[in-house]
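Reproduced below: target_4.pdb, with PDB, C-alpha atoms and all ligand atoms.
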MODEL        1
ATOM      1  CA  MET A   1     -36.024 182.368 115.315
ATOM      2  CA  LEU A   2     -39.050 181.325 117.410
ATOM      3  CA  THR A   3     -42.049 183.236 116.140
ATOM      4  CA  ASN A   4     -45.246 182.172 117.906
ATOM      5  CA  LEU A   5     -46.992 179.503 119.956
ATOM      6  CA  GLU A   6     -47.784 177.048 117.153
ATOM      7  CA  HIS A   7     -49.924 174.625 119.157
ATOM      8  CA  LEU A   8     -50.687 173.105 122.525
ATOM      9  CA  GLY A   9     -50.657 169.311 122.374
ATOM     10  CA  LEU A  10     -53.334 167.733 124.575
ATOM     11  CA  ALA A  11     -53.123 164.019 125.362
ATOM     12  CA  VAL A  12     -56.555 162.378 125.446
ATOM     13  CA  ASN A  13     -57.797 158.862 126.108
ATOM     14  CA  ASP A  14     -61.012 159.199 124.112
ATOM     15  CA  LEU A  15     -60.404 161.231 120.935
ATOM     16  CA  GLU A  16     -64.050 161.345 119.859
ATOM     17  CA  ALA A  17     -65.297 162.519 123.262
ATOM     18  CA  ALA A  18     -62.523 165.136 123.475
ATOM     19  CA  THR A  19     -63.299 166.338 119.939
ATOM     20  CA  ILE A  20     -66.959 166.860 120.869
ATOM     21  CA  LEU A  21     -65.963 168.686 124.059
ATOM     22  CA  TYR A  22     -63.492 171.025 122.291
ATOM     23  CA  THR A  23     -65.914 171.652 119.426
ATOM     24  CA  THR A  24     -68.387 172.941 122.007
ATOM     25  CA  LEU A  25     -65.786 174.767 124.090
ATOM     26  CA  LEU A  26     -64.208 176.563 121.114
ATOM     27  CA  GLY A  27     -67.488 177.031 119.211
ATOM     28  CA  GLN A  28     -66.056 175.621 115.989
ATOM     29  CA  GLU A  29     -65.389 172.351 114.181
ATOM     30  CA  PRO A  30     -61.837 170.984 113.864
ATOM     31  CA  TYR A  31     -60.154 171.895 110.571
ATOM     32  CA  LYS A  32     -58.137 168.713 110.276
ATOM     33  CA  ARG A  33     -57.810 165.092 111.406
ATOM     34  CA  GLU A  34     -54.573 163.266 110.710
ATOM     35  CA  HIS A  35     -52.998 159.944 111.600
ATOM     36  CA  VAL A  36     -49.215 160.202 112.082
ATOM     37  CA  GLU A  37     -47.850 156.681 111.842
ATOM     38  CA  SER A  38     -44.284 157.615 112.846
ATOM     39  CA  GLU A  39     -45.590 158.879 116.234
ATOM     40  CA  ALA A  40     -48.384 156.305 116.472
ATOM     41  CA  VAL A  41     -50.989 158.995 117.105
ATOM     42  CA  ASP A  42     -54.328 160.163 115.783
ATOM     43  CA  THR A  43     -54.664 163.941 115.855
ATOM     44  CA  VAL A  44     -57.491 166.468 115.632
ATOM     45  CA  PHE A  45     -56.663 170.164 115.059
ATOM     46  CA  PHE A  46     -58.573 173.309 115.985
ATOM     47  CA  GLN A  47     -57.454 176.799 114.939
ATOM     48  CA  VAL A  48     -57.507 179.343 117.770
ATOM     49  CA  GLY A  49     -56.428 182.740 116.475
ATOM     50  CA  GLY A  50     -52.805 182.364 115.382
ATOM     51  CA  SER A  51     -52.339 179.133 117.374
ATOM     52  CA  LYS A  52     -53.849 175.664 117.405
ATOM     53  CA  ILE A  53     -55.076 173.006 119.770
ATOM     54  CA  GLU A  54     -53.780 169.542 118.825
ATOM     55  CA  LEU A  55     -55.700 166.657 120.393
ATOM     56  CA  LEU A  56     -53.591 163.486 120.466
ATOM     57  CA  ALA A  57     -54.587 159.876 121.118
ATOM     58  CA  GLY A  58     -52.088 157.019 120.998
ATOM     59  CA  THR A  59     -52.675 154.234 118.492
ATOM     60  CA  SER A  60     -50.147 151.726 119.848
ATOM     61  CA  PRO A  61     -48.717 150.729 123.227
ATOM     62  CA  ASN A  62     -45.369 152.202 122.102
ATOM     63  CA  SER A  63     -46.796 155.653 121.394
ATOM     64  CA  ALA A  64     -45.428 158.452 123.603
ATOM     65  CA  ILE A  65     -49.059 159.480 124.176
ATOM     66  CA  THR A  66     -50.151 155.990 125.285
ATOM     67  CA  LYS A  67     -47.184 155.789 127.682
ATOM     68  CA  TYR A  68     -47.887 159.276 129.030
ATOM     69  CA  LEU A  69     -51.544 158.447 129.695
ATOM     70  CA  GLU A  70     -50.567 155.283 131.577
ATOM     71  CA  LYS A  71     -49.147 157.605 134.269
ATOM     72  CA  LYS A  72     -51.087 160.849 133.888
ATOM     73  CA  PRO A  73     -54.701 161.908 133.224
ATOM     74  CA  ASP A  74     -55.823 163.732 130.066
ATOM     75  CA  GLY A  75     -54.158 167.148 129.866
ATOM     76  CA  ILE A  76     -51.437 169.312 128.334
ATOM     77  CA  HIS A  77     -48.714 167.061 126.921
ATOM     78  CA  HIS A  78     -46.489 169.541 125.076
ATOM     79  CA  VAL A  79     -46.008 173.133 123.999
ATOM     80  CA  ALA A  80     -45.035 173.735 120.365
ATOM     81  CA  PHE A  81     -43.306 176.830 119.004
ATOM     82  CA  ALA A  82     -43.131 177.850 115.355
ATOM     83  CA  VAL A  83     -39.600 178.425 114.081
ATOM     84  CA  THR A  84     -38.378 179.828 110.790
ATOM     85  CA  ASP A  85     -35.237 177.633 110.595
ATOM     86  CA  ILE A  86     -35.526 174.432 112.612
ATOM     87  CA  ARG A  87     -31.928 173.310 112.099
ATOM     88  CA  ALA A  88     -30.622 176.685 113.291
ATOM     89  CA  GLU A  89     -32.884 176.562 116.372
ATOM     90  CA  MET A  90     -31.840 172.974 117.107
ATOM     91  CA  ALA A  91     -28.171 173.992 116.946
ATOM     92  CA  ARG A  92     -28.783 177.043 119.130
ATOM     93  CA  LEU A  93     -30.690 175.079 121.782
ATOM     94  CA  ARG A  94     -28.224 172.170 121.740
ATOM     95  CA  ALA A  95     -25.371 174.632 122.309
ATOM     96  CA  ALA A  96     -27.371 176.185 125.165
ATOM     97  CA  GLY A  97     -27.541 172.800 126.920
ATOM     98  CA  PHE A  98     -31.019 171.550 126.023
ATOM     99  CA  THR A  99     -31.446 167.839 125.287
ATOM    100  CA  LEU A 100     -32.896 167.265 121.822
ATOM    101  CA  LEU A 101     -34.954 164.100 121.432
ATOM    102  CA  ASN A 102     -34.226 163.831 117.707
ATOM    103  CA  GLU A 103     -30.923 164.678 116.069
ATOM    104  CA  GLU A 104     -32.559 165.505 112.740
ATOM    105  CA  PRO A 105     -35.885 167.247 112.091
ATOM    106  CA  LYS A 106     -38.658 164.715 111.503
ATOM    107  CA  ARG A 107     -42.009 164.882 109.805
ATOM    108  CA  GLY A 108     -44.846 165.876 112.150
ATOM    109  CA  ALA A 109     -48.531 166.553 111.615
ATOM    110  CA  ASP A 110     -50.080 169.372 109.577
ATOM    111  CA  ASN A 111     -47.169 169.681 107.108
ATOM    112  CA  LYS A 112     -44.465 170.470 109.657
ATOM    113  CA  LEU A 113     -40.920 169.434 110.343
ATOM    114  CA  VAL A 114     -40.579 168.952 114.088
ATOM    115  CA  CYS A 115     -38.057 168.398 116.862
ATOM    116  CA  PHE A 116     -38.753 167.637 120.533
ATOM    117  CA  ILE A 117     -36.808 168.878 123.578
ATOM    118  CA  HIS A 118     -36.697 166.632 126.643
ATOM    119  CA  PRO A 119     -38.876 167.928 129.498
ATOM    120  CA  LYS A 120     -36.059 167.198 131.974
ATOM    121  CA  SER A 121     -33.966 169.892 130.260
ATOM    122  CA  ALA A 122     -36.873 172.346 129.847
ATOM    123  CA  ASN A 123     -38.191 172.846 133.362
ATOM    124  CA  GLY A 124     -40.568 169.872 133.189
ATOM    125  CA  VAL A 125     -42.248 170.852 129.903
ATOM    126  CA  LEU A 126     -41.975 168.803 126.695
ATOM    127  CA  VAL A 127     -41.252 171.388 123.971
ATOM    128  CA  GLU A 128     -41.759 170.894 120.234
ATOM    129  CA  LEU A 129     -40.240 173.061 117.496
ATOM    130  CA  CYS A 130     -42.229 173.252 114.233
ATOM    131  CA  GLN A 131     -41.173 174.553 110.851
ATOM    132  CA  ASP A 132     -43.483 174.744 107.845
ATOM    133  CA  MET A 133     -42.521 172.169 105.236
ATOM    134  CA  VAL A 134     -41.785 173.727 101.873
ATOM    135  CA  PRO A 135     -44.059 172.021  99.314
ATOM    136  CA  LEU A 136     -42.164 170.150  96.582
ATOM    137  CA  THR A 137     -42.617 171.822  93.190
TER     138      THR A 137
HETATM  139  C1  LIG A 201     -48.413 164.447 115.704
HETATM  140  C2  LIG A 201     -46.977 164.655 115.525
HETATM  141  C3  LIG A 201     -46.368 165.713 116.411
HETATM  142  C4  LIG A 201     -46.804 167.079 115.917
HETATM  143  O1  LIG A 201     -46.589 167.303 114.712
HETATM  144  O2  LIG A 201     -47.337 167.923 116.643
HETATM  145  C5  LIG A 201     -46.639 165.497 117.888
HETATM  146  O3  LIG A 201     -46.976 166.329 118.652
HETATM  147  S1  LIG A 201     -46.348 163.872 118.402
HETATM  148  C6  LIG A 201     -46.512 163.895 120.164
HETATM  149  C7  LIG A 201     -46.081 162.597 120.698
HETATM  150  N1  LIG A 201     -44.665 162.382 120.507
HETATM  151  C8  LIG A 201     -43.751 162.735 121.441
HETATM  152  O4  LIG A 201     -44.070 163.171 122.547
HETATM  153  C9  LIG A 201     -42.309 162.521 121.038
HETATM  154  C10 LIG A 201     -41.347 163.067 122.084
HETATM  155  N2  LIG A 201     -41.525 162.412 123.377
HETATM  156  C11 LIG A 201     -40.661 161.459 123.824
HETATM  157  O5  LIG A 201     -39.671 161.146 123.171
HETATM  158  C12 LIG A 201     -41.004 160.778 125.114
HETATM  159  O6  LIG A 201     -42.367 160.891 125.391
HETATM  160  C13 LIG A 201     -40.200 161.360 126.334
HETATM  161  C14 LIG A 201     -40.528 162.829 126.582
HETATM  162  C15 LIG A 201     -38.678 161.171 126.101
HETATM  163  C16 LIG A 201     -40.593 160.561 127.590
HETATM  164  O7  LIG A 201     -40.422 159.215 127.270
HETATM  165  P1  LIG A 201     -39.909 158.153 128.363
HETATM  166  O8  LIG A 201     -38.636 158.597 128.970
HETATM  167  O9  LIG A 201     -39.931 156.800 127.758
HETATM  168  O10 LIG A 201     -41.121 158.245 129.363
HETATM  169  P2  LIG A 201     -41.163 158.205 130.918
HETATM  170  O11 LIG A 201     -42.582 157.978 131.281
HETATM  171  O12 LIG A 201     -40.136 157.230 131.466
HETATM  172  O13 LIG A 201     -40.788 159.685 131.340
HETATM  173  C17 LIG A 201     -39.513 160.089 131.807
HETATM  174  C18 LIG A 201     -39.723 161.338 132.617
HETATM  175  O14 LIG A 201     -40.224 162.394 131.761
HETATM  176  C19 LIG A 201     -41.493 162.849 132.237
HETATM  177  N3  LIG A 201     -42.347 163.140 131.083
HETATM  178  C20 LIG A 201     -42.684 162.277 130.101
HETATM  179  N4  LIG A 201     -43.474 162.872 129.217
HETATM  180  C21 LIG A 201     -43.635 164.143 129.653
HETATM  181  C22 LIG A 201     -44.356 165.257 129.139
HETATM  182  N5  LIG A 201     -45.082 165.174 128.015
HETATM  183  N6  LIG A 201     -44.316 166.404 129.829
HETATM  184  C23 LIG A 201     -43.594 166.530 130.981
HETATM  185  N7  LIG A 201     -42.864 165.485 131.517
HETATM  186  C24 LIG A 201     -42.916 164.336 130.845
HETATM  187  C25 LIG A 201     -42.049 161.708 133.049
HETATM  188  O15 LIG A 201     -42.973 162.175 133.979
HETATM  189  C26 LIG A 201     -40.791 161.156 133.702
HETATM  190  O16 LIG A 201     -40.453 161.968 134.806
HETATM  191  P3  LIG A 201     -39.984 161.310 136.194
HETATM  192  O17 LIG A 201     -41.093 160.396 136.604
HETATM  193  O18 LIG A 201     -39.773 162.483 137.091
HETATM  194  O19 LIG A 201     -38.705 160.573 135.876
HETATM  195 CO    CO A 202     -47.450 168.487 118.614
ENDMDL
END

How does the structure come out when it is put into structure tokens?
Amino acid sequence: MLTNLEHLGLAVNDLEAATILYTTLLGQEPYKREHVESEAVDTVFFQVGGSKIELLAGTSPNSAITKYLEKKPDGIHHVAFAVTDIRAEMARLRAAGFTLLNEEPKRGADNKLVCFIHPKSANGVLVELCQDMVPLT
């Protein structure tokens, strides 16, 4: 089940400048910075009520963010929804005709398992599903 808007992913060319701007705009400091090597991105997170703003800067020419910013200006890159059971949602959306960009959930930022849906199958919007990772005991 999709529960809430987990985050908006914003692609930025200058992470430090964007962090200063959003700190002022939101009136609060980010709660987390994280490098995600598998996506070749540096991230900065702000909490906004029950959702988050995720600033993303590419760290390699192969990063999806770097490639996106070669064609587009800074702006909204993806919309992420929280899900309770990512595999069930992936199966449901696959059966409904959406194109999943990863066949298995993968590790994202902020302790999440994630899956992306191709924007061409989602009305031009890159969609991310996020499930909380259960901590190992
Ligand atoms: C930090 C981890 C994680 C988290 O936990 O939150 C993240 O958020 S990581 C975020 C970065 N990672 C990803 O975006 C992974 C998923 N994305 C992809 O696999 C690719 O970016 C893509 C969506 C498949 C596009 O790659 P590619 O086909 O190589 O790029 P093109 O430039 O050729 O684009 C093809 C086509 O798609 C349009 N497009 C691309 N990106 C977006 C987008 N973000 N939103 C909307 N549309 C997008 C692009 O404009 C092209 O359209 P046409 O020109 O009409 O063909
Ligand atoms: Co994201």

Mind telling me what the PyMOL selection byres (((chain A and resi 68) around 12) and not hetatm) catches here, as a CSV table (one decimal) with C-alpha atoms, keeping the file's coordinate frame?
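Output file expr-v8.csv follows:
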chain,number,residue,atom,x,y,z
A,10,LEU,CA,-53.3,167.7,124.6
A,11,ALA,CA,-53.1,164.0,125.4
A,12,VAL,CA,-56.6,162.4,125.4
A,13,ASN,CA,-57.8,158.9,126.1
A,56,LEU,CA,-53.6,163.5,120.5
A,57,ALA,CA,-54.6,159.9,121.1
A,58,GLY,CA,-52.1,157.0,121.0
A,61,PRO,CA,-48.7,150.7,123.2
A,62,ASN,CA,-45.4,152.2,122.1
A,63,SER,CA,-46.8,155.7,121.4
A,64,ALA,CA,-45.4,158.5,123.6
A,65,ILE,CA,-49.1,159.5,124.2
A,66,THR,CA,-50.2,156.0,125.3
A,67,LYS,CA,-47.2,155.8,127.7
A,69,LEU,CA,-51.5,158.4,129.7
A,70,GLU,CA,-50.6,155.3,131.6
A,71,LYS,CA,-49.1,157.6,134.3
A,72,LYS,CA,-51.1,160.8,133.9
A,73,PRO,CA,-54.7,161.9,133.2
A,74,ASP,CA,-55.8,163.7,130.1
A,75,GLY,CA,-54.2,167.1,129.9
A,76,ILE,CA,-51.4,169.3,128.3
A,77,HIS,CA,-48.7,167.1,126.9
A,78,HIS,CA,-46.5,169.5,125.1
A,126,LEU,CA,-42.0,168.8,126.7

- request: For ligand CO 202 (chain A), list the contacting residues at 9 Å or closer, counting all atoms listed in the file, as a ChimeraX atom specification.
  value: /A:6-10,43,53-56,77-80,108-109,114,116,127-130

task: Please indicate the distance in Å from CA of Thr59 (chain A) to CA of Ala18 (chain A), rounded to one decimal place.
output: 15.5 Å

Using 5 Å of padding on each side, determine the axis-aligned box around all atoms of ligand LIG 201 (chain A) present in the file and give its centre and edge lengths in Å to one decimal, as lines of an AutoDock Vina configuration file.
center_x = -43.5
center_y = 162.4
center_z = 125.9
size_x = 19.8
size_y = 21.1
size_z = 32.4

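Across A:Arg94, A:Gly50, A:Val83, A:Phe45, the tightest approach to ligand LIG 201 (chain A) is made by A:Phe45 when counting only C-alpha atoms and all ligand atoms.
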
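Computed from the coordinates, the atom C13 of ligand LIG 201 (chain A) to CA of Ile117 (chain A) distance equals 8.7 Å.
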
- request: Might you pull out every residue within 8 Å of Lys32 (chain A), with only C-alpha atoms counted and same-chain residues fewer than 2 positions away left off, and present them as JSON, numbers by chain?
  value: {"A": [30, 34, 44, 45, 46]}

Let me see the file: selected residues, C-alpha atoms, as a PDB file, in the coordinates of the input.
ATOM      1  CA  PRO A  30     -61.837 170.984 113.864  1.00  0.00           C
ATOM      2  CA  GLU A  34     -54.573 163.266 110.710  1.00  0.00           C
ATOM      3  CA  VAL A  44     -57.491 166.468 115.632  1.00  0.00           C
ATOM      4  CA  PHE A  45     -56.663 170.164 115.059  1.00  0.00           C
ATOM      5  CA  PHE A  46     -58.573 173.309 115.985  1.00  0.00           C
TER       6      PHE A  46
END

task: Would you kindly return, as a list in words, each protein, DNA or RNA residue with an atom no farther than 9 Å from any atom of Met133 (chain A), considering all atoms listed in the file and excluding same-chain residues fewer than 6 positions away?
output: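 Contacts, with the query itself left out: Arg107, Asn111, Lys112 and Leu113 of chain A.
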
task: List the residues sitting within 12 Å of (-32.4, 163.6, 116.3) in the file's frame, using all atoms listed in the file, as number ranges by chain.
output: A: 86-87, 90-91, 94, 99-107, 113-118
